[in-house]
$ cat input_5.cif   # mmCIF, C-alpha atoms and all ligand atoms
data_my_file
#
loop_
_atom_site.label_atom_id
_atom_site.label_comp_id
_atom_site.auth_asym_id
_atom_site.auth_seq_id
_atom_site.Cartn_x
_atom_site.Cartn_y
_atom_site.Cartn_z
CA MET A 225 0.00 0.00 0.00
CA THR A 226 1.14 3.53 -0.72
CA THR A 227 0.23 6.99 0.60
CA VAL A 228 -1.61 9.65 -1.39
CA ALA A 229 1.61 11.68 -1.57
CA GLN A 230 3.50 8.68 -3.01
CA ARG A 231 0.77 8.03 -5.57
CA LYS A 232 0.67 11.70 -6.59
CA LYS A 233 4.39 11.58 -7.31
CA ALA A 234 4.18 8.23 -9.11
CA LEU A 235 1.35 9.55 -11.31
CA GLN A 236 3.26 12.70 -12.23
CA GLN A 237 6.33 10.64 -13.13
CA ALA A 238 4.12 8.35 -15.24
CA GLY A 239 2.66 11.30 -17.16
CA TYR A 240 -0.80 10.33 -15.86
CA ASN A 241 -0.70 7.17 -17.90
CA THR A 242 -1.41 4.05 -15.84
CA PHE A 243 0.67 1.97 -18.29
CA LEU A 244 3.73 3.91 -17.18
CA LEU A 245 3.33 3.24 -13.43
CA LYS A 246 5.68 0.80 -11.74
CA SER A 247 3.81 -2.26 -10.58
CA GLU A 248 5.33 -1.92 -7.09
CA ASP A 249 3.39 1.36 -6.79
CA VAL A 250 0.10 -0.43 -7.52
CA TYR A 251 -2.15 -1.94 -4.82
CA ILE A 252 -4.83 -3.74 -6.87
CA ASP A 253 -3.89 -4.16 -10.50
CA LEU A 254 -6.84 -4.04 -12.90
CA LEU A 255 -4.86 -2.70 -15.85
CA THR A 256 -5.57 -5.86 -17.82
CA ASP A 257 -6.55 -9.52 -17.59
CA SER A 258 -3.79 -10.26 -20.10
CA GLY A 259 -1.04 -12.50 -18.75
CA THR A 260 -1.99 -11.52 -15.21
CA SER A 261 -4.03 -14.57 -14.22
CA ALA A 262 -2.70 -17.10 -11.72
CA MET A 263 -1.56 -20.36 -13.24
CA SER A 264 -2.80 -23.51 -11.53
CA ASP A 265 -0.71 -26.16 -9.77
CA ARG A 266 -1.26 -28.37 -12.83
CA GLN A 267 0.06 -25.68 -15.16
CA TRP A 268 3.14 -25.11 -12.98
CA ALA A 269 3.75 -28.84 -12.89
CA GLY A 270 3.51 -28.82 -16.71
CA MET A 271 6.22 -26.14 -16.83
CA MET A 272 8.58 -28.72 -15.35
CA LEU A 273 7.98 -30.93 -18.37
CA GLY A 274 9.34 -28.37 -20.83
CA ASP A 275 10.99 -30.06 -23.79
CA GLU A 276 13.34 -27.30 -24.91
CA ALA A 277 14.42 -28.86 -28.18
CA TYR A 278 14.76 -26.25 -30.93
CA ALA A 279 12.54 -28.29 -33.26
CA GLY A 280 9.68 -30.71 -32.73
CA SER A 281 9.23 -30.23 -28.96
CA ALA A 282 6.82 -32.69 -27.32
CA ASN A 283 4.99 -29.70 -25.82
CA PHE A 284 4.23 -28.38 -29.31
CA TYR A 285 2.54 -31.66 -30.27
CA HIS A 286 0.57 -31.63 -27.02
CA LEU A 287 -0.60 -28.08 -27.72
CA GLU A 288 -1.47 -28.91 -31.32
CA GLN A 289 -3.60 -31.84 -30.15
CA VAL A 290 -5.38 -29.71 -27.53
CA VAL A 291 -6.19 -27.03 -30.13
CA ARG A 292 -7.65 -29.76 -32.39
CA ASP A 293 -9.60 -31.46 -29.58
CA ILE A 294 -11.00 -28.40 -27.80
CA TYR A 295 -11.35 -25.82 -30.57
CA GLY A 296 -11.52 -28.09 -33.61
CA TYR A 297 -9.05 -26.10 -35.77
CA LYS A 298 -6.88 -28.33 -37.96
CA HIS A 299 -3.55 -26.49 -38.07
CA MET A 300 -1.88 -24.42 -35.36
CA ILE A 301 1.20 -22.23 -35.26
CA PRO A 302 2.34 -20.96 -31.85
CA THR A 303 3.20 -17.26 -31.51
CA HIS A 304 4.65 -15.25 -28.63
CA GLN A 305 1.20 -13.67 -28.03
CA GLY A 306 -1.95 -12.64 -29.86
CA ARG A 307 -0.49 -9.78 -31.90
CA GLY A 308 2.20 -12.12 -33.27
CA ALA A 309 -0.61 -14.19 -34.79
CA GLU A 310 -2.38 -11.02 -36.03
CA ASN A 311 0.78 -9.85 -37.75
CA ILE A 312 1.28 -13.12 -39.63
CA LEU A 313 -2.39 -13.55 -40.53
CA SER A 314 -2.63 -9.95 -41.81
CA LYS A 315 0.51 -10.34 -43.90
CA VAL A 316 -0.74 -13.62 -45.41
CA LEU A 317 -4.34 -12.65 -46.17
CA ILE A 318 -4.55 -8.86 -46.65
CA LYS A 319 -3.62 -7.01 -49.83
CA LYS A 320 -3.37 -3.23 -50.27
CA GLY A 321 -6.83 -1.71 -50.57
CA ASP A 322 -8.65 -4.62 -48.91
CA ILE A 323 -11.51 -4.08 -46.50
CA ILE A 324 -11.77 -6.04 -43.27
CA PRO A 325 -15.21 -5.88 -41.66
CA GLY A 326 -15.24 -6.64 -37.93
CA ASN A 327 -17.50 -6.56 -34.88
CA MET A 328 -15.78 -3.50 -33.39
CA TYR A 329 -12.09 -2.74 -33.67
CA PHE A 330 -9.39 -3.96 -31.35
CA THR A 331 -6.24 -1.83 -31.09
CA THR A 332 -3.53 -4.27 -32.18
CA THR A 333 -5.79 -6.19 -34.58
CA ARG A 334 -6.78 -3.06 -36.51
CA LEU A 335 -3.22 -1.73 -36.61
CA HIS A 336 -1.92 -4.97 -38.16
CA GLN A 337 -4.74 -4.86 -40.72
CA GLU A 338 -3.79 -1.27 -41.57
CA LEU A 339 -0.04 -1.94 -41.71
CA ALA A 340 -0.78 -4.75 -44.19
CA GLY A 341 -2.60 -2.21 -46.42
CA GLY A 342 -6.18 -2.97 -45.37
CA ARG A 343 -8.95 -0.86 -43.89
CA PHE A 344 -11.12 -1.90 -40.98
CA GLU A 345 -14.90 -1.33 -41.19
CA ASP A 346 -17.09 -1.61 -38.10
CA ILE A 347 -20.10 -3.90 -38.60
CA ILE A 348 -21.15 -4.35 -34.99
CA ILE A 349 -24.80 -3.64 -34.10
CA ASN A 350 -25.56 -0.06 -33.01
CA GLU A 351 -26.54 -1.22 -29.51
CA ALA A 352 -22.86 -1.96 -28.83
CA HIS A 353 -22.03 1.75 -28.94
CA ASP A 354 -24.59 2.59 -26.25
CA PRO A 355 -23.40 1.82 -22.69
CA GLU A 356 -26.98 1.90 -21.34
CA ASN A 357 -28.50 -0.52 -23.82
CA GLU A 358 -29.09 -3.87 -22.09
CA PHE A 359 -29.31 -6.03 -25.23
CA PRO A 360 -27.87 -9.43 -24.19
CA PHE A 361 -25.66 -9.92 -27.27
CA LYS A 362 -24.03 -6.58 -27.97
CA GLY A 363 -21.19 -8.34 -29.82
CA ASN A 364 -23.55 -9.25 -32.67
CA VAL A 365 -22.92 -8.30 -36.28
CA ASN A 366 -25.35 -6.07 -38.15
CA LEU A 367 -25.95 -8.37 -41.12
CA GLU A 368 -27.37 -5.61 -43.34
CA LYS A 369 -24.25 -3.49 -42.77
CA LEU A 370 -22.05 -6.46 -43.62
CA GLU A 371 -23.95 -7.33 -46.78
CA ALA A 372 -23.98 -3.69 -47.91
CA LEU A 373 -20.19 -3.58 -47.51
CA ILE A 374 -19.75 -6.77 -49.52
CA LYS A 375 -21.99 -5.39 -52.29
CA LYS A 376 -20.21 -2.04 -52.29
CA HIS A 377 -16.63 -3.34 -52.45
CA GLY A 378 -17.11 -6.83 -53.89
CA ALA A 379 -16.20 -10.09 -52.16
CA LYS A 380 -12.72 -10.10 -53.74
CA LYS A 381 -11.77 -7.03 -51.71
CA ILE A 382 -12.74 -8.71 -48.45
CA PRO A 383 -10.16 -11.33 -47.45
CA TYR A 384 -12.10 -12.25 -44.32
CA VAL A 385 -14.63 -11.03 -41.81
CA SER A 386 -13.04 -10.54 -38.40
CA ILE A 387 -15.27 -11.86 -35.63
CA ALA A 388 -14.32 -11.40 -31.99
CA THR A 389 -15.98 -13.38 -29.25
CA SER A 390 -16.50 -11.37 -26.02
CA VAL A 391 -15.92 -8.05 -27.78
CA ASN A 392 -13.31 -6.31 -25.66
CA MET A 393 -13.80 -2.67 -26.68
CA ALA A 394 -17.59 -2.95 -26.31
CA GLY A 395 -17.16 -4.02 -22.67
CA GLY A 396 -16.64 -7.77 -22.97
CA GLN A 397 -19.96 -8.25 -24.78
CA PRO A 398 -20.84 -11.61 -26.38
CA ILE A 399 -21.97 -12.55 -29.86
CA SER A 400 -24.88 -15.02 -29.99
CA MET A 401 -24.61 -18.40 -31.69
CA LYS A 402 -27.59 -17.49 -33.86
CA ASN A 403 -25.89 -14.33 -35.11
CA LEU A 404 -22.64 -16.17 -35.75
CA LYS A 405 -24.49 -18.82 -37.75
CA ASP A 406 -26.15 -16.06 -39.79
CA VAL A 407 -22.76 -14.45 -40.46
CA ARG A 408 -21.51 -17.87 -41.59
CA ALA A 409 -24.45 -18.29 -43.97
CA LEU A 410 -23.92 -14.81 -45.43
CA THR A 411 -20.16 -15.19 -45.86
CA ASN A 412 -20.66 -18.64 -47.42
CA LYS A 413 -22.96 -17.03 -49.97
CA TYR A 414 -20.11 -14.76 -51.07
CA GLY A 415 -17.21 -17.18 -50.46
CA ILE A 416 -15.61 -15.06 -47.71
CA ARG A 417 -13.66 -16.47 -44.75
CA ILE A 418 -14.38 -15.78 -41.10
CA ILE A 419 -11.36 -15.28 -38.86
CA HIS A 420 -12.13 -15.54 -35.17
CA ASP A 421 -10.42 -13.44 -32.52
CA MET A 422 -10.88 -16.17 -29.92
CA THR A 423 -9.05 -14.46 -27.07
CA ARG A 424 -12.07 -14.75 -24.74
CA VAL A 425 -14.14 -17.46 -26.45
CA ALA A 426 -14.88 -19.38 -23.22
CA GLU A 427 -16.28 -16.24 -21.60
CA ASN A 428 -18.50 -15.69 -24.62
CA ALA A 429 -19.64 -19.32 -24.36
CA TYR A 430 -20.72 -18.71 -20.76
CA PHE A 431 -23.07 -15.91 -21.84
CA ILE A 432 -24.51 -18.12 -24.59
CA GLN A 433 -25.11 -20.84 -21.99
CA GLN A 434 -26.81 -18.37 -19.65
CA ARG A 435 -28.78 -16.33 -22.18
CA GLU A 436 -29.42 -18.14 -25.45
CA LYS A 437 -32.33 -20.50 -26.01
CA GLY A 438 -31.31 -24.13 -26.35
CA TYR A 439 -27.88 -23.79 -24.72
CA ASP A 440 -28.63 -23.88 -20.98
CA LYS A 441 -27.92 -27.62 -20.70
CA LYS A 442 -24.82 -27.57 -22.92
CA SER A 443 -21.30 -27.53 -21.51
CA ILE A 444 -18.93 -24.59 -22.04
CA ALA A 445 -16.62 -27.00 -23.90
CA SER A 446 -19.31 -27.98 -26.40
CA ILE A 447 -20.39 -24.36 -26.94
CA VAL A 448 -16.78 -23.28 -27.52
CA LYS A 449 -16.33 -26.02 -30.10
CA GLU A 450 -19.55 -25.07 -31.86
CA ILE A 451 -18.49 -21.39 -32.05
CA CYS A 452 -15.15 -22.34 -33.61
CA SER A 453 -16.88 -24.66 -36.10
CA TYR A 454 -18.52 -21.66 -37.83
CA THR A 455 -15.16 -19.99 -38.48
CA ASP A 456 -12.23 -20.77 -40.77
CA GLY A 457 -9.39 -19.84 -38.49
CA ALA A 458 -8.44 -17.87 -35.41
CA THR A 459 -5.92 -15.67 -33.71
CA MET A 460 -5.50 -16.32 -30.03
CA SER A 461 -3.96 -14.37 -27.20
CA ALA A 462 -3.66 -17.23 -24.72
CA LYS A 463 -2.86 -14.68 -22.00
CA LYS A 464 -6.56 -14.25 -21.28
CA ASP A 465 -8.97 -17.24 -21.40
CA ALA A 466 -6.15 -19.79 -21.62
CA LEU A 467 -4.64 -18.71 -18.29
CA VAL A 468 -0.98 -18.28 -19.19
CA ASN A 469 1.40 -15.39 -18.60
CA ILE A 470 2.63 -15.47 -22.19
CA GLY A 471 1.64 -17.22 -25.42
CA GLY A 472 -0.75 -17.33 -28.32
CA PHE A 473 -1.31 -19.00 -31.65
CA LEU A 474 -2.70 -18.78 -35.14
CA ALA A 475 -5.04 -21.60 -36.14
CA VAL A 476 -6.50 -22.28 -39.57
CA ASN A 477 -8.32 -25.04 -41.40
CA ASP A 478 -7.10 -24.14 -44.87
CA TRP A 479 -3.84 -25.94 -45.77
CA ASP A 480 -2.61 -23.24 -48.17
CA VAL A 481 -3.04 -20.46 -45.63
CA PHE A 482 -1.33 -22.64 -43.04
CA GLU A 483 1.60 -23.33 -45.32
CA GLU A 484 2.19 -19.66 -46.01
CA ALA A 485 1.77 -18.69 -42.36
CA ARG A 486 4.11 -21.50 -41.29
CA ASN A 487 6.71 -20.06 -43.61
CA MET A 488 6.10 -16.49 -42.41
CA VAL A 489 6.37 -17.36 -38.71
CA VAL A 490 10.06 -18.20 -39.06
CA ILE A 491 10.73 -14.56 -40.01
CA TYR A 492 8.89 -12.89 -37.14
CA GLU A 493 8.53 -15.36 -34.28
CA GLY A 494 10.67 -18.49 -34.58
CA LEU A 495 10.39 -22.00 -35.97
CA HIS A 496 6.79 -23.19 -36.51
CA THR A 497 7.05 -25.66 -33.63
CA TYR A 498 7.81 -22.98 -31.01
CA GLY A 499 6.87 -19.58 -32.48
CA GLY A 500 8.63 -17.41 -29.90
CA LEU A 501 7.79 -19.59 -26.91
CA ALA A 502 9.70 -21.96 -24.68
CA GLY A 503 8.52 -25.58 -24.62
CA ARG A 504 7.37 -25.06 -21.02
CA ASP A 505 5.18 -22.10 -22.10
CA MET A 506 3.44 -24.30 -24.68
CA GLU A 507 2.84 -26.98 -22.04
CA ALA A 508 1.28 -24.45 -19.64
CA MET A 509 -0.89 -23.19 -22.50
CA ALA A 510 -2.07 -26.69 -23.44
CA ILE A 511 -3.12 -27.34 -19.84
CA GLY A 512 -4.63 -23.86 -19.42
CA ILE A 513 -6.85 -24.31 -22.48
CA GLY A 514 -8.32 -27.41 -20.86
CA GLU A 515 -8.97 -25.54 -17.61
CA SER A 516 -10.51 -22.58 -19.44
CA VAL A 517 -13.51 -24.60 -20.63
CA ASN A 518 -14.32 -26.00 -17.18
CA ASP A 519 -17.88 -24.94 -16.31
CA ASP A 520 -17.19 -24.28 -12.62
CA HIS A 521 -14.14 -22.16 -13.39
CA ILE A 522 -15.91 -19.90 -15.87
CA LYS A 523 -18.94 -19.51 -13.62
CA ALA A 524 -16.73 -18.41 -10.70
CA ARG A 525 -14.68 -16.12 -12.94
CA ILE A 526 -17.59 -14.24 -14.46
CA GLY A 527 -19.46 -14.42 -11.14
CA GLN A 528 -16.72 -12.31 -9.59
CA VAL A 529 -16.94 -9.72 -12.38
CA ILE A 530 -20.72 -9.57 -11.92
CA TYR A 531 -20.28 -9.15 -8.14
CA LEU A 532 -18.14 -6.05 -8.73
CA GLY A 533 -20.51 -4.69 -11.39
CA GLU A 534 -23.53 -5.03 -9.14
CA LYS A 535 -21.71 -3.20 -6.34
CA MET A 536 -20.92 -0.35 -8.74
CA ILE A 537 -24.55 -0.21 -9.91
CA GLU A 538 -25.65 -0.10 -6.24
CA TYR A 539 -23.40 2.98 -5.82
CA GLU A 540 -25.00 4.50 -8.97
CA ILE A 541 -21.69 4.54 -10.82
CA PRO A 542 -22.42 4.59 -14.59
CA ILE A 543 -21.10 1.36 -16.12
CA VAL A 544 -21.57 -0.45 -19.42
CA LYS A 545 -24.54 -2.78 -19.26
CA PRO A 546 -25.08 -5.71 -19.34
CA ILE A 547 -22.03 -6.50 -17.20
CA GLY A 548 -19.41 -8.06 -19.49
CA GLY A 549 -17.09 -11.03 -19.12
CA HIS A 550 -13.63 -9.77 -18.22
CA GLY A 551 -14.16 -6.53 -16.37
CA ILE A 552 -16.30 -3.57 -15.50
CA PHE A 553 -16.25 -0.70 -17.96
CA VAL A 554 -17.08 2.65 -16.34
CA ASP A 555 -18.71 5.20 -18.63
CA ALA A 556 -16.39 8.20 -18.29
CA LYS A 557 -18.63 10.45 -20.43
CA LYS A 558 -21.39 10.04 -17.83
CA PHE A 559 -19.05 10.02 -14.84
CA LEU A 560 -17.34 13.28 -15.89
CA PRO A 561 -19.87 14.96 -18.20
CA HIS A 562 -18.17 18.36 -17.81
CA ILE A 563 -14.93 17.09 -19.43
CA PRO A 564 -15.00 17.14 -23.27
CA GLN A 565 -13.63 14.07 -25.07
CA ASP A 566 -10.61 16.10 -26.28
CA ALA A 567 -9.63 16.58 -22.62
CA PHE A 568 -9.55 12.80 -22.09
CA PRO A 569 -12.24 12.00 -19.51
CA ALA A 570 -11.42 8.27 -19.32
CA GLN A 571 -7.68 8.86 -19.03
CA THR A 572 -8.42 11.40 -16.29
CA LEU A 573 -10.72 9.04 -14.42
CA ALA A 574 -8.18 6.19 -14.50
CA ALA A 575 -5.62 8.57 -12.97
CA GLU A 576 -8.07 9.71 -10.27
CA VAL A 577 -8.94 6.14 -9.25
CA TYR A 578 -5.24 5.36 -8.91
CA LEU A 579 -4.71 8.49 -6.84
CA ASP A 580 -7.55 7.56 -4.50
CA SER A 581 -6.51 4.02 -3.65
CA GLY A 582 -3.63 2.69 -5.75
CA ILE A 583 -6.01 0.74 -8.00
CA ARG A 584 -4.71 0.64 -11.56
CA THR A 585 -7.22 0.63 -14.43
CA MET A 586 -6.98 1.45 -18.14
CA GLU A 587 -8.38 4.02 -20.57
CA ARG A 588 -10.54 2.65 -23.37
CA GLY A 589 -11.67 5.77 -25.20
CA ILE A 590 -10.21 8.43 -27.46
CA VAL A 591 -6.59 7.73 -26.50
CA SER A 592 -6.90 4.00 -27.25
CA ALA A 593 -8.79 4.70 -30.49
CA GLY A 594 -5.79 6.62 -31.91
CA ARG A 595 -5.71 8.36 -35.28
CA LYS A 596 -6.94 7.53 -38.76
CA ALA A 597 -4.49 7.13 -41.65
CA ASN A 598 -5.10 10.84 -42.52
CA GLY A 599 -4.00 11.90 -39.04
CA GLU A 600 -7.42 12.81 -37.67
CA ASN A 601 -8.37 11.47 -34.27
CA TYR A 602 -10.97 8.73 -34.09
CA TYR A 603 -13.79 9.89 -31.79
CA PRO A 604 -15.23 6.64 -30.42
CA LYS A 605 -18.74 6.80 -28.99
CA LEU A 606 -17.53 4.79 -26.02
CA GLU A 607 -15.25 6.63 -23.60
CA LEU A 608 -14.60 4.03 -20.93
CA VAL A 609 -12.32 3.09 -18.07
CA ARG A 610 -11.74 -0.65 -17.94
CA PHE A 611 -11.52 -2.31 -14.54
CA THR A 612 -10.20 -5.66 -15.79
CA ILE A 613 -10.26 -8.61 -13.44
CA PRO A 614 -7.37 -11.09 -13.65
CA ARG A 615 -8.50 -14.72 -13.29
CA ARG A 616 -7.98 -16.62 -10.04
CA VAL A 617 -6.11 -13.72 -8.40
CA TYR A 618 -8.32 -11.48 -6.27
CA THR A 619 -10.98 -12.09 -3.61
CA GLN A 620 -14.48 -10.63 -3.19
CA ALA A 621 -12.97 -8.36 -0.48
CA HIS A 622 -10.77 -6.78 -3.14
CA MET A 623 -13.91 -6.20 -5.22
CA ASP A 624 -15.44 -4.30 -2.29
CA VAL A 625 -12.34 -2.09 -2.00
CA ILE A 626 -12.50 -1.35 -5.74
CA ALA A 627 -16.18 -0.37 -5.68
CA GLU A 628 -15.73 1.79 -2.56
CA SER A 629 -12.77 3.65 -4.03
CA THR A 630 -14.64 4.33 -7.26
CA GLN A 631 -17.57 5.62 -5.23
CA ARG A 632 -15.28 8.05 -3.39
CA VAL A 633 -14.03 9.42 -6.71
CA PHE A 634 -17.65 9.61 -7.94
CA GLU A 635 -18.60 11.78 -4.96
CA LYS A 636 -15.99 14.39 -5.83
CA ARG A 637 -16.45 14.14 -9.61
CA ASP A 638 -17.48 17.80 -10.06
CA ARG A 639 -14.05 18.96 -8.92
CA ILE A 640 -12.09 16.79 -11.37
CA LYS A 641 -10.47 18.57 -14.34
CA GLY A 642 -9.38 17.08 -17.68
CA MET A 643 -5.91 16.73 -19.20
CA GLU A 644 -3.90 17.51 -22.30
CA MET A 645 -1.58 15.13 -24.13
CA VAL A 646 2.04 16.25 -24.04
CA TYR A 647 3.66 13.25 -25.71
CA GLU A 648 2.11 11.07 -28.39
CA PRO A 649 3.83 8.02 -29.87
CA LYS A 650 3.01 7.12 -33.47
CA TYR A 651 1.53 3.64 -32.93
CA LEU A 652 -0.85 2.39 -30.21
CA ARG A 653 -0.41 5.67 -28.36
CA PHE A 654 -2.31 4.59 -25.25
CA PHE A 655 0.62 2.45 -24.11
CA GLN A 656 3.17 5.26 -23.85
CA ALA A 657 1.47 8.67 -24.21
CA LYS A 658 2.01 11.29 -21.50
CA PHE A 659 -0.41 13.88 -20.17
CA ARG A 660 -0.58 17.05 -18.08
CA LYS A 661 -3.43 18.15 -15.87
CA LEU A 662 -5.40 21.16 -17.07
C1 LIG B 701 -9.60 -9.01 -28.16
C2 LIG B 701 -8.11 -9.03 -28.21
N1 LIG B 701 -7.49 -9.35 -29.35
C3 LIG B 701 -6.15 -9.37 -29.43
C4 LIG B 701 -5.36 -9.04 -28.37
C5 LIG B 701 -3.86 -9.00 -28.55
O1 LIG B 701 -3.25 -10.01 -27.83
P1 LIG B 701 -1.81 -9.85 -27.16
O2 LIG B 701 -1.92 -8.80 -26.11
O3 LIG B 701 -1.54 -11.22 -26.60
O4 LIG B 701 -0.86 -9.49 -28.22
C6 LIG B 701 -5.96 -8.72 -27.15
C7 LIG B 701 -5.19 -8.38 -25.95
O5 LIG B 701 -4.49 -7.45 -25.80
C8 LIG B 701 -7.38 -8.70 -27.07
O6 LIG B 701 -8.01 -8.37 -25.95
#
$ encode --input "input_5.cif" --output "structure tokens"
Amino acid sequence: MTTVAQRKKALQQAGYNTFLLKSEDVYIDLLTDSGTSAMSDRQWAGMMLGDEAYAGSANFYHLEQVVRDIYGYKHMIPTHQGRGAENILSKVLIKKGDIIPGNMYFTTTRLHQELAGGRFEDIIINEAHDPENEFPFKGNVNLEKLEALIKKHGAKKIPYVSIATSVNMAGGQPISMKNLKDVRALTNKYGIRIIHDMTRVAENAYFIQQREKGYDKKSIASIVKEICSYTDGATMSAKKDALVNIGGFLAVNDWDVFEEARNMVVIYEGLHTYGGLAGRDMEAMAIGIGESVNDDHIKARIGQVIYLGEKMIEYEIPIVKPIGGHGIFVDAKKFLPHIPQDAFPAQTLAAEVYLDSGIRTMERGIVSAGRKANGENYYPKLELVRFTIPRRVYTQAHMDVIAESTQRVFEKRDRIKGMEMVYEPKYLRFFQAKFRKL
């Protein structure tokens, strides 16, 4: 624990960017659920079985089998994390001038699409952009928007439709099985692939089990497999659902795409049987994938997120509804309505929460959205602060502390002033930008 004076100094040194704080200055760390979950005893035991051969490690074959058994994808290439897979996939499939429709952007995913010469187009339903709307599947695709895009540009210009499960930037909101099946039918009609950002597929499966007709008696494992069956390939950041501190993969069914990606991975990651990972990392990932589809685990995990969300609602703190899978997303536009988006309300709020209690959260608004190719800022409708909950790390008591601290900041919200950006890196600026208080 730190004092207010210590946190004030740490914040100033970090340029009011929570990514630039030292972790030793943080009390409860909700920056991300990425790589921050606790590995199980079984995963740690698996680490001891690392086969660190340069080529053909036993752990690679174990992981490959698990990806086939649990997700159903035929071919798998390990990568150091999710963006490694995004880089290779984008380079293999996207040509200059291509359009990539997706159910809301994700920062690294969109940047790799752009760097490969493509342009992202948002095809998520409008409800996803409204924090108050309680539609149960705010990750759904607007099929009319998608079909209009295909008709406008032609199927040849669309290498794939990018479908995320548990849409991160919308607040961890799920896509329904029905909608996914409809997207499959539509893309089949035009001969277009679906590539699945499966980072939080098990969390999405939980919401399908809880909310969608016909799925309440089905296991998370069977729902996950069904989701994957409607897609042609996937990029995975195993640092979330799959409960590891580092790792990811690219999975595809198409042999030709696999062959090209397998060749590409040796340039950017490493040989195709380790892709930037140690054998022990692949073993932990193989075991973590199995644990991630355990019904009791996922119920407890999302149950904890819902516990925190309900506490926040009780305190009348404006959050994205319905409560999502991996964290609570506070609506900074409503929390600080007197701060214009150009003065970074979400960035400001994340700094204020840290100052109050040492809880570290993350901006998911105009800073994260970055700039368009022509240099103009994106102005996302959602201006959020993400309180992301690592898996198997914190207790309900921590959740109480988090809600109480946010309530204290809420009570003094009228006195909070915005910020200006004083340093802006070219790519993914939210990681390293610096700010000054107005
Ligand atoms: C939805 C989504 N896609 C892709 C990524 C990128 O994965 P990684 O951080 O492992 O590179 C992340 C995490 O940051 C994510 O949340």
$ residues_near_ligand --input "input_5.cif" --ligand "ligand LIG 701 (chain B)" --cutoff "6 Å" --atoms "all atoms listed in the file" --output "ChimeraX atom specification"
/A:305-307,330,332,392,421,423,461,463
$ residues_near_point --input "input_5.cif" --point "(-12.2, -2.3, -33.1)" --cutoff "10 Å" --atoms "only C-alpha atoms" --output "list in words"
Pro325, Gly326, Asn327, Met328, Tyr329, Phe330, Thr331, Thr332, Thr333, Arg334, Leu335, Phe344, Glu345, Asp346, Ile347, Ile348, Ser386, Ala388, Val391, Asn392, Met393, Ala394, Ala593 and Pro604 of chain A
$ residues_near_point --input "input_5.cif" --point "(-6.9, 9.1, -37.4)" --cutoff "12 Å" --atoms "all atoms listed in the file" --output "compact mmCIF listing (two decimals) with C-alpha atoms, in the coordinates of the input"
# COMPACT_ATOMS: atom_id res chain seq x y z
CA LEU A 335 -3.22 -1.73 -36.61
CA GLU A 338 -3.79 -1.27 -41.57
CA ILE A 590 -10.21 8.43 -27.46
CA VAL A 591 -6.59 7.73 -26.50
CA SER A 592 -6.90 4.00 -27.25
CA ALA A 593 -8.79 4.70 -30.49
CA GLY A 594 -5.79 6.62 -31.91
CA ARG A 595 -5.71 8.36 -35.28
CA LYS A 596 -6.94 7.53 -38.76
CA ALA A 597 -4.49 7.13 -41.65
CA ASN A 598 -5.10 10.84 -42.52
CA GLY A 599 -4.00 11.90 -39.04
CA GLU A 600 -7.42 12.81 -37.67
CA ASN A 601 -8.37 11.47 -34.27
CA TYR A 602 -10.97 8.73 -34.09
CA TYR A 603 -13.79 9.89 -31.79
CA PRO A 604 -15.23 6.64 -30.42
CA LYS A 650 3.01 7.12 -33.47
CA TYR A 651 1.53 3.64 -32.93
CA LEU A 652 -0.85 2.39 -30.21
CA ARG A 653 -0.41 5.67 -28.36
$ residues_around --input "input_5.cif" --residues "Glu276 in chain A" --least-positions-apart "5" --cutoff "7 Å" --atoms "all atoms listed in the file" --output "number ranges by chain"
A: 281, 502-503
$ residues_around --input "input_5.cif" --residues "Leu410 in chain A" --least-positions-apart "5" --cutoff "9 Å" --atoms "only C-alpha atoms" --output "PyMOL selection string"
chain A and resi 367+370-371+405+415-416
$ closest_residue --input "input_5.cif" --among "A:Lys442, A:Lys605, A:His420, A:Lys413" --to "Asp519 in chain A" --atoms "only C-alpha atoms"
A:Lys442
$ closest_residue --input "input_5.cif" --among "A:Pro564, A:Gly396, A:Gly533, A:Gly457" --to "Tyr384 in chain A" --atoms "only C-alpha atoms"
A:Gly457
$ atom_distance --input "input_5.cif" --atom1 "CA of Phe654 in chain A" --atom2 "CA of Val365 in chain A"
26.7 Å
$ closest_residue --input "input_5.cif" --among "A:Glu534, A:Thr497, A:Val554, A:Ile613" --to "Asp275 in chain A" --atoms "all atoms listed in the file"
A:Thr497
$ atom_distance --input "input_5.cif" --atom1 "CA of Lys523 in chain A" --atom2 "CA of Ile418 in chain A"
28.1 Å
$ closest_residue --input "input_5.cif" --among "A:Met225, A:Arg266, A:Gln631, A:Asn487" --to "Ile537 in chain A" --atoms "only C-alpha atoms"
A:Gln631
